[in-house]
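Asks: What follows is target34.txt, compact mmCIF, C-alpha atoms.
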# COMPACT_ATOMS: atom_id res chain seq x y z
CA MET A 23 94.67 95.37 121.15
CA ILE A 24 97.64 95.17 118.78
CA HIS A 25 97.25 96.54 115.26
CA LEU A 26 99.51 98.06 112.60
CA LEU A 27 99.24 101.56 114.09
CA ASN A 28 100.54 100.62 117.55
CA ILE A 29 102.82 97.73 116.64
CA GLU A 30 106.04 99.57 117.66
CA GLU A 31 104.64 100.14 121.15
CA TRP A 32 103.76 96.46 121.49
CA ALA A 33 107.18 95.38 120.21
CA GLU A 34 108.93 97.63 122.73
CA ARG A 35 106.79 96.38 125.60
CA TYR A 36 107.36 92.78 124.49
CA LYS A 37 111.14 93.35 124.41
CA ASP A 38 111.11 95.00 127.83
CA GLY A 39 108.94 92.27 129.37
CA ASP A 40 106.14 94.69 130.24
CA LEU A 41 103.29 92.61 128.80
CA SER A 42 100.97 90.72 131.11
CA THR A 43 100.26 87.03 130.61
CA ALA A 44 96.87 87.85 129.11
CA GLU A 45 98.43 90.40 126.73
CA ILE A 46 101.08 87.91 125.60
CA LYS A 47 98.40 85.31 124.92
CA ALA A 48 96.33 87.85 122.96
CA LEU A 49 99.44 88.91 121.04
CA HIS A 50 100.30 85.35 120.00
CA THR A 51 96.70 84.72 118.95
CA ALA A 52 96.66 87.88 116.83
CA LEU A 53 100.00 87.01 115.19
CA ASP A 54 98.84 83.46 114.41
CA GLU A 55 95.68 84.75 112.76
CA ASP A 56 97.18 87.65 110.79
CA LYS A 57 100.36 86.89 108.84
CA VAL A 58 100.79 90.49 107.69
CA LEU A 59 100.65 91.62 111.31
CA ASN A 60 103.05 88.81 112.20
CA ALA A 61 105.66 89.98 109.66
CA SER A 62 105.29 93.62 110.75
CA PHE A 63 105.70 92.65 114.40
CA GLN A 64 108.91 90.75 113.62
CA GLN A 65 110.34 93.80 111.91
CA ALA A 66 109.29 96.08 114.76
CA LEU A 67 110.80 93.72 117.35
CA GLN A 68 114.08 93.48 115.46
CA LEU A 69 114.19 97.27 115.22
CA GLN A 70 113.67 97.55 118.97
CA VAL A 71 116.52 95.13 119.59
CA LEU A 72 118.85 97.03 117.24
CA LEU A 73 117.97 100.32 118.95
CA SER A 74 118.62 98.77 122.33
CA GLU A 75 121.98 97.43 121.20
CA LYS A 76 122.88 100.78 119.64
CA LYS A 77 122.01 102.64 122.83
CA SER A 78 124.10 100.21 124.91
CA ALA A 79 127.04 100.46 122.54
CA ALA A 80 126.79 104.26 122.47
CA ALA A 81 126.75 104.36 126.28
CA ILE A 82 129.89 102.23 126.44
CA ARG A 83 131.66 104.39 123.84
CA GLU A 84 130.72 107.51 125.80
CA SER A 85 132.01 105.95 129.01
CA LEU A 86 135.29 105.04 127.35
CA LYS A 87 135.62 108.58 125.99
CA ARG A 88 135.11 110.01 129.45
CA ALA A 89 137.64 107.59 130.92
CA ALA A 90 140.18 108.49 128.22
CA ALA A 91 139.56 112.21 128.77
CA GLU A 92 139.96 111.76 132.52
CA HIS A 93 143.16 109.84 131.99
CA LYS A 94 144.50 112.55 129.63
CA LYS A 95 143.59 115.27 132.12
CA LEU A 96 145.26 113.49 134.97
CA ALA A 97 148.31 112.79 132.84
CA ALA A 98 148.62 116.51 132.05
CA GLY A 99 148.23 117.55 135.71
CA THR A 100 148.70 115.68 138.93
CA PRO A 101 149.51 112.06 138.30
CA ALA A 102 146.99 109.64 139.64
CA PRO A 103 147.82 106.16 140.80
CA ALA A 104 147.71 103.69 137.97
CA MET A 105 145.45 101.43 140.02
CA GLN A 106 142.92 104.26 140.42
CA ILE A 107 142.65 104.82 136.67
CA LYS A 108 142.42 101.09 136.08
CA THR A 109 139.73 100.75 138.71
CA SER A 110 137.77 103.66 137.20
CA PHE A 111 137.84 102.07 133.74
CA SER A 112 136.94 98.61 135.07
CA ALA A 113 134.07 100.01 137.10
CA ARG A 114 132.64 101.73 134.04
CA LEU A 115 133.03 98.59 131.97
CA ARG A 116 131.26 96.50 134.61
CA ARG A 117 128.54 99.16 134.83
CA TYR A 118 127.66 98.80 131.15
CA TRP A 119 128.41 95.10 130.76
CA LYS A 120 124.96 94.06 132.02
CA PRO A 121 123.01 96.25 129.56
CA LEU A 122 125.23 94.98 126.74
CA SER A 123 124.65 91.36 127.81
CA ALA A 124 120.93 91.96 128.08
CA ALA A 125 120.88 93.39 124.57
CA ALA A 126 122.76 90.36 123.27
CA VAL A 127 120.27 88.02 124.98
CA ILE A 128 117.38 89.99 123.51
CA ALA A 129 118.98 89.80 120.06
CA LEU A 130 119.36 86.03 120.43
CA PHE A 131 115.77 85.70 121.62
CA SER A 132 114.58 87.85 118.72
CA SER A 133 116.44 85.64 116.26
CA LEU A 134 114.83 82.54 117.76
CA LEU A 135 111.42 84.20 117.72
CA THR A 136 111.87 85.26 114.11
CA TYR A 137 112.95 81.74 113.19
CA THR A 138 109.88 80.30 114.91
CA PHE A 139 107.48 82.71 113.20
CA THR A 140 109.18 82.23 109.84
CA ARG A 141 109.16 78.46 110.21
CA ASP A 142 105.47 78.49 111.14
CA ASN A 143 104.71 80.74 108.18
CA ARG A 144 106.50 78.37 105.82
CA GLN A 145 104.54 75.44 107.23
CA ASP A 146 101.25 77.33 106.92
CA GLN A 147 102.01 78.36 103.36
CA ASN A 148 102.72 74.77 102.42
CA GLN A 149 99.52 73.44 103.93
CA TYR A 150 96.75 72.30 101.65
CA THR A 151 93.13 72.47 102.68
CA GLN A 152 90.13 70.93 101.05
CA LEU A 153 87.14 73.16 100.44
CA GLN A 154 84.15 71.13 101.49
CA LYS A 155 82.03 73.17 103.87
CA ASP A 156 81.39 71.82 107.37
CA ILE A 157 77.86 72.77 108.35
CA ALA A 158 77.43 70.17 111.09
CA SER A 159 76.59 72.94 113.58
CA LEU A 160 73.12 73.00 111.99
CA LYS A 161 72.47 69.29 112.58
CA HIS A 162 68.94 67.98 112.88
CA SER A 163 67.58 64.45 112.63
CA GLN A 164 68.97 63.01 109.40
CA ASN A 165 66.54 60.11 109.39
CA GLN A 166 63.58 62.45 109.78
CA ILE A 167 64.81 64.68 106.95
CA ILE A 168 65.27 61.75 104.58
CA SER A 169 61.90 60.35 105.64
CA ASN A 170 60.25 63.68 104.85
CA MET A 171 61.94 63.77 101.47
CA ASN A 172 60.76 60.26 100.70
CA LYS A 173 57.21 61.36 101.44
CA LYS A 174 57.44 64.56 99.43
CA GLY A 175 59.43 63.12 96.55
CA SER A 176 62.39 64.43 94.57
CA GLY A 177 62.65 68.10 93.83
CA THR A 178 61.37 69.15 97.22
CA HIS A 179 62.90 71.93 99.34
CA ILE A 180 64.64 70.84 102.58
CA ASP A 181 65.33 73.01 105.61
CA TYR A 182 68.44 71.13 106.78
CA PRO A 183 71.31 71.46 104.26
CA GLY A 184 73.44 68.51 105.43
CA ASP A 185 76.60 67.92 107.46
CA TYR A 186 78.98 68.94 104.68
CA SER A 187 78.54 70.67 101.37
CA GLY A 188 80.49 71.13 98.20
CA SER A 189 79.80 72.03 94.60
CA GLY A 190 79.26 69.99 91.46
CA PHE A 191 78.28 70.36 87.82
CA ALA A 192 76.37 68.39 85.22
CA ILE A 193 78.30 66.20 82.81
CA THR A 194 75.20 64.81 81.10
CA ASN A 195 71.67 66.09 80.74
CA ASP A 196 70.08 63.09 82.48
CA GLY A 197 71.53 63.60 85.95
CA LEU A 198 75.25 62.76 86.04
CA VAL A 199 77.12 65.23 88.25
CA ALA A 200 80.88 65.60 88.84
CA THR A 201 82.28 66.68 92.21
CA ASN A 202 85.26 65.97 94.49
CA TYR A 203 85.75 62.59 96.11
CA HIS A 204 86.53 64.20 99.46
CA VAL A 205 83.12 65.92 99.43
CA VAL A 206 81.19 62.62 99.35
CA GLU A 207 83.71 60.35 101.07
CA GLY A 208 82.02 58.35 103.84
CA ALA A 209 78.57 59.77 103.06
CA ASP A 210 75.43 57.99 104.22
CA SER A 211 73.29 60.04 101.88
CA VAL A 212 74.02 62.57 99.13
CA PHE A 213 71.63 65.14 97.68
CA VAL A 214 72.09 67.58 94.85
CA GLN A 215 70.58 71.04 95.24
CA LEU A 216 69.85 72.97 92.07
CA ASN A 217 69.87 76.70 91.48
CA ASP A 218 66.13 76.92 92.16
CA GLY A 219 66.62 75.36 95.62
CA SER A 220 65.17 71.94 94.82
CA TYR A 221 66.87 68.79 96.13
CA TYR A 222 67.42 65.42 94.46
CA ARG A 223 68.85 62.28 95.97
CA ALA A 224 72.01 61.03 94.27
CA ASN A 225 74.14 57.90 94.37
CA ILE A 226 77.91 57.71 93.96
CA LEU A 227 78.36 56.11 90.57
CA THR A 228 82.17 56.00 90.65
CA ALA A 229 85.03 57.71 92.46
CA ASN A 230 88.79 58.11 92.18
CA PRO A 231 90.54 59.12 95.43
CA GLN A 232 93.84 59.68 93.59
CA SER A 233 92.42 62.42 91.37
CA ASP A 234 89.92 63.43 94.10
CA LEU A 235 86.97 63.09 91.75
CA ALA A 236 83.57 61.45 91.98
CA ILE A 237 80.62 61.10 89.63
CA LEU A 238 77.10 61.14 91.09
CA LYS A 239 73.88 59.92 89.54
CA ILE A 240 70.56 61.57 90.44
CA THR A 241 68.23 58.70 91.28
CA ASP A 242 65.04 60.25 89.91
CA LYS A 243 64.63 58.38 86.60
CA ASP A 244 62.64 61.27 85.11
CA PHE A 245 65.17 63.93 86.00
CA VAL A 246 66.73 66.15 83.33
CA PHE A 247 68.65 69.39 83.67
CA GLY A 248 66.58 70.90 80.91
CA LYS A 249 68.12 71.68 77.57
CA ALA A 250 71.23 69.93 76.29
CA LEU A 251 74.43 70.87 78.10
CA PRO A 252 75.77 74.15 76.67
CA TYR A 253 79.47 73.48 77.38
CA MET A 254 82.16 70.91 76.68
CA ILE A 255 84.78 69.26 78.90
CA SER A 256 88.14 70.24 77.47
CA LYS A 257 90.53 67.49 76.40
CA ASN A 258 93.56 69.75 76.14
CA PRO A 259 95.55 71.24 79.04
CA SER A 260 95.23 75.00 79.44
CA ALA A 261 98.24 77.27 79.09
CA LEU A 262 99.99 79.24 81.80
CA GLY A 263 98.30 82.61 82.16
CA GLN A 264 94.96 81.38 80.78
CA LYS A 265 92.14 83.47 82.21
CA ILE A 266 89.54 81.33 83.92
CA PHE A 267 86.35 81.67 85.96
CA SER A 268 84.31 79.52 88.28
CA ILE A 269 80.84 79.38 89.80
CA GLY A 270 80.05 77.34 92.89
CA TYR A 271 78.31 77.23 96.24
CA PRO A 272 80.38 78.57 99.14
CA GLN A 273 77.02 79.90 100.38
CA ASP A 274 73.37 79.17 99.68
CA ASN A 275 73.32 81.07 96.41
CA VAL A 276 75.69 80.59 93.50
CA VAL A 277 78.91 82.68 93.57
CA TYR A 278 81.07 83.78 90.62
CA ASN A 279 84.88 84.19 90.76
CA GLU A 280 87.50 84.81 88.10
CA GLY A 281 91.29 84.55 87.88
CA TYR A 282 94.05 82.88 85.89
CA ILE A 283 96.26 79.79 85.79
CA SER A 284 99.41 80.70 87.72
CA SER A 285 101.23 77.36 87.39
CA GLU A 286 100.89 74.35 85.11
CA HIS A 287 101.52 72.12 88.13
CA GLY A 288 99.44 71.84 91.27
CA TYR A 289 100.23 71.30 94.95
CA ASN A 290 103.72 69.86 95.52
CA GLY A 291 104.29 69.80 91.76
CA ASP A 292 101.28 67.61 90.93
CA THR A 293 101.27 67.36 87.13
CA ALA A 294 97.59 66.36 87.05
CA SER A 295 96.53 69.68 88.58
CA TYR A 296 96.81 73.42 88.04
CA GLN A 297 97.68 76.15 90.49
CA LEU A 298 95.25 79.03 90.10
CA GLU A 299 94.99 82.54 91.35
CA ILE A 300 91.28 82.71 92.06
CA THR A 301 89.26 83.22 95.23
CA ALA A 302 87.85 79.99 96.64
CA ASN A 303 86.11 79.33 99.94
CA PRO A 304 84.73 76.31 101.81
CA GLY A 305 81.84 74.90 99.80
CA GLN A 306 83.58 75.32 96.44
CA SER A 307 85.21 71.90 96.33
CA GLY A 308 84.01 70.33 93.09
CA ALA A 309 83.18 73.61 91.39
CA PRO A 310 84.05 73.78 87.68
CA ILE A 311 86.89 75.90 86.32
CA LEU A 312 86.03 77.26 82.87
CA ASP A 313 87.93 79.10 80.15
CA ASN A 314 86.70 82.27 78.45
CA ASN A 315 84.49 80.25 76.11
CA GLY A 316 82.83 78.41 78.99
CA ASN A 317 84.53 75.06 78.41
CA ILE A 318 85.42 73.14 81.57
CA VAL A 319 89.20 72.91 82.01
CA GLY A 320 89.42 71.85 85.66
CA ILE A 321 87.66 71.08 88.93
CA ILE A 322 88.53 72.88 92.19
CA THR A 323 89.99 70.51 94.80
CA GLY A 324 91.52 72.75 97.47
CA LYS A 325 93.59 75.81 98.29
CA LYS A 326 96.75 76.91 100.05
CA THR A 327 96.09 78.04 103.61
CA ASN A 328 96.56 81.66 104.69
CA THR A 329 96.18 82.98 101.15
CA ASN A 330 93.28 84.71 99.50
CA GLY A 331 93.63 83.29 96.02
CA THR A 332 96.07 80.38 95.64
CA THR A 333 93.78 77.51 94.64
CA TYR A 334 94.27 74.10 93.05
CA ALA A 335 92.18 72.36 90.40
CA VAL A 336 92.54 68.90 88.89
CA HIS A 337 92.75 68.77 85.09
CA ALA A 338 89.50 68.16 83.22
CA ASN A 339 91.10 65.26 81.35
CA GLU A 340 91.26 63.37 84.67
CA LEU A 341 87.46 63.50 84.66
CA LEU A 342 87.40 62.39 81.02
CA ALA A 343 89.58 59.41 81.96
CA MET A 344 87.05 58.38 84.62
CA ILE A 345 84.21 58.65 82.09
CA ASN A 346 86.15 56.55 79.56
CA ASN A 347 86.73 53.88 82.19
CA LEU A 348 83.01 53.80 82.94
CA ASN A 349 82.21 53.49 79.24
CA ASN A 350 84.60 50.54 78.95
CA LEU A 351 82.94 48.81 81.89
CA THR A 352 79.32 49.48 80.93
CA LYS A 353 79.12 49.38 77.16
CA ASP A 354 75.32 49.18 77.22
CA GLN A 355 74.98 52.52 79.04
CA LYS A 356 77.69 54.72 77.62
CA ILE A 357 78.08 58.29 78.81
CA ASN A 358 77.73 60.52 75.80
CA LEU A 359 79.33 63.90 76.39
CA ASN A 360 78.37 67.12 74.70
CA THR A 361 80.73 68.02 71.86
CA LYS A 362 79.49 71.50 71.03
CA ASN A 363 79.73 74.76 72.95
CA ARG A 364 76.45 76.68 72.81
CA LEU A 365 77.37 79.54 75.14
CA SER A 366 77.50 83.16 74.00
CA SER A 367 80.65 85.25 74.32
CA SER A 368 79.09 87.54 76.94
CA ARG A 369 80.17 86.56 80.46
CA PRO A 370 76.88 87.57 82.16
CA ASP A 371 74.97 85.55 79.56
CA GLN A 372 77.31 82.59 80.08
CA ILE A 373 76.73 82.66 83.84
CA LYS A 374 72.98 83.01 83.42
CA VAL A 375 72.94 79.73 81.49
CA LEU A 376 75.64 77.89 83.48
CA ARG A 377 74.05 78.43 86.90
CA ASP A 378 71.31 75.92 85.98
CA TYR A 379 73.95 73.21 85.47
CA VAL A 380 76.07 73.92 88.56
CA CYS A 381 74.74 72.62 91.86
CA ALA A 382 75.42 72.33 95.56
CA VAL A 383 76.24 68.84 96.81
CA ARG A 384 74.76 68.22 100.27
CA VAL A 385 76.24 65.36 102.26
CA TYR A 386 74.75 63.58 105.28
CA LYS A 387 76.98 61.40 107.45
Can you present the structure in this file as structure tokens?
Replies:
Amino acid sequence: MIHLLNIEEWAERYKDGDLSTAEIKALHTALDEDKVLNASFQQALQLQVLLSEKKSAAAIRESLKRAAAEHKKLAAGTPAPAMQIKTSFSARLRRYWKPLSAAAVIALFSSLLTYTFTRDNRQDQNQYTQLQKDIASLKHSQNQIISNMNKKGSGTHIDYPGDYSGSGFAITNDGLVATNYHVVEGADSVFVQLNDGSYYRANILTANPQSDLAILKITDKDFVFGKALPYMISKNPSALGQKIFSIGYPQDNVVYNEGYISSEHGYNGDTASYQLEITANPGQSGAPILDNNGNIVGIITGKKTNTNGTTYAVHANELLAMINNLNNLTKDQKINLNTKNRLSSSRPDQIKVLRDYVCAVRVYK
């Protein structure tokens, strides 16, 4: 199979048409999946074309030298018929015209191939993917699962994790959770899974597709996260270069990542989002982005395809705007946010506390 150590051999065989149909198919699959390999293959193929052209040009120059030498020799000795010399030169030119033409065709094909690969790369780099995790391959009977939960009550452990999953975090101590709208869009049932593995049914309290945010409410009237929330939701935009970290649920247990704000604008110049350099994987949609003090400055919404770390997060003040709208609509049940940061300055200690307020959002459709 093609890899970086044998890429020149594959490029040469590709140029010469020596690859089988199965090998060509495998090659294209490998290049589509590995952009570094793709770029290296382009360079190797172009090099092969240049070498081929150079060899053809050198052969023609050598032929012309021999023809000139033959002509000089004949001119110094016995004259040869002009037609004979002309025929000799023409024959040599025709002899090397085909290799030269073939090299030109290969060069043109290489240019088209490079354009295609480059165009595809540009399209891939500009694609945006949401980070909810599709776990539908584990499907069981949804109705039976919900029935079992109803019998056991809130806080139970469930074997089936849902059709899709994302992440979320507490915004109040009594069961309000923020996540992405695309995580819960079209859901029949939503459950929140806490760090200890327990599940709680939740309803969608409000959602904003434009900012890709949703607020959930855990239905258990006795539910509390425990102590008062230890962090605040930041009102002020973070600066370029701000170091940030996140914890979320790309897998069954909570995962920590850290990075920095690489652009003050998000995907396609979205001024309501940040571009981050931080690792994010499916399941981390809705995970909080926090500054060094542990204040929430953003919420992960998606990432750029075919990159390890280019991620996007909506500004925290978009979430605050949703909360303010709710407060204006329901004055009797205002959402009172925490206004004091109680986290220590030690990152391990921060995470130890925060993990009890960050949850997995399990969606059944």
Asks: Enter the distance from atom CA of Met344 of chain A to atom CA of Ile240 of chain A, in Å, rounded to one decimal.
Replies: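 Between these atoms lies a distance of 17.8 Å.
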Asks: Atom CA of Lys353 of chain A and atom CA of Ala309 of chain A, how far apart in Å?
Replies: 28.4 Å
Asks: Using only C-alpha atoms, which residues sit within 12 Å of Val246 of chain A once same-chain residues fewer than 3 positions away are excluded, as a list in words?
Replies: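 Counting only the stated atoms, we get Gly177, Ala192, Ile193, Thr194, Asn195, Asp196, Gly197, Leu198, Val199, Leu216, Tyr222, Lys239, Ile240, Thr241, Asp242, Lys243, Lys249, Ala250, Leu251, Asp378 and Tyr379 of chain A.
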Asks: Please, what distance in Å, to one decimal, runs between atom CA of Asn258 of chain A and atom CA of Asp292 of chain A?
Replies: 16.8 Å
Asks: At a cut-off of 8 Å around the point (88.1, 65.7, 87.1) (file coordinates), what residues fall inside when counting only C-alpha atoms? I'd like the answer as a PyMOL selection string.
Replies: chain A and resi 200-202+233-236+320-321+336-342+344
Asks: Might you pull out every residue within 9 Å of Arg377 of chain A, with all atoms listed in the file counted and same-chain residues fewer than 5 positions away left off, and present them as a list of chain:residue names?
Replies: A:Leu216, A:Asn217, A:Ile269, A:Gly270, A:Val276, A:Gln372
Asks: Out of A:Val214, A:Leu312, A:Val385, A:Leu67, which residue has the shortest atom-to-atom distance to Glu31 of chain A when counting only C-alpha atoms?
Replies: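 Among A:Val214, A:Leu312, A:Val385, A:Leu67, it is A:Leu67 that comes nearest to Glu31 of chain A.
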Asks: Which is closer to Gly308 of chain A than all the others in A:Arg384, A:Arg223, A:Arg88, A:His50, using only C-alpha atoms?
Replies: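 Between A:Arg384, A:Arg223, A:Arg88, A:His50, the residue approaching Gly308 of chain A most closely is A:Arg384.
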Asks: Using only C-alpha atoms, find the one residue out of A:Pro304, A:Pro259, A:Gly39, A:Gly188 that sits nearest to Ile318 of chain A.
Replies: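 Smallest distance to Ile318 of chain A is found for A:Pro259.
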Asks: From the options A:Pro310, A:Ser368, A:Lys257, A:Leu227, which residue's atoms come nearest to Ala343 of chain A, counting all atoms listed in the file?
Replies: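 Among the listed residues, the smallest separation from Ala343 of chain A belongs to A:Lys257.
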Asks: Considering all atoms listed in the file, can you say which of A:Thr51, A:Thr43, A:Ser187, A:Gln70 comes closest to Ile29 of chain A?
Replies: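 Of A:Thr51, A:Thr43, A:Ser187, A:Gln70, the one nearest Ile29 of chain A is A:Gln70, counting all atoms listed in the file.
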Asks: Calculated over only C-alpha atoms, which of the candidates A:Ile322, A:Val383, A:Ile237, A:Leu298 has the smallest distance to Ile357 of chain A?
Replies: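 The closest residue to Ile357 of chain A is A:Ile237.
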Asks: Name the residues in contact with Gly263 of chain A at a cut-off of 7 Å, using all atoms listed in the file, excluding same-chain residues fewer than 4 positions from it; report them as a list in words.
Replies: Tyr282, Ile283 and Ser284 of chain A
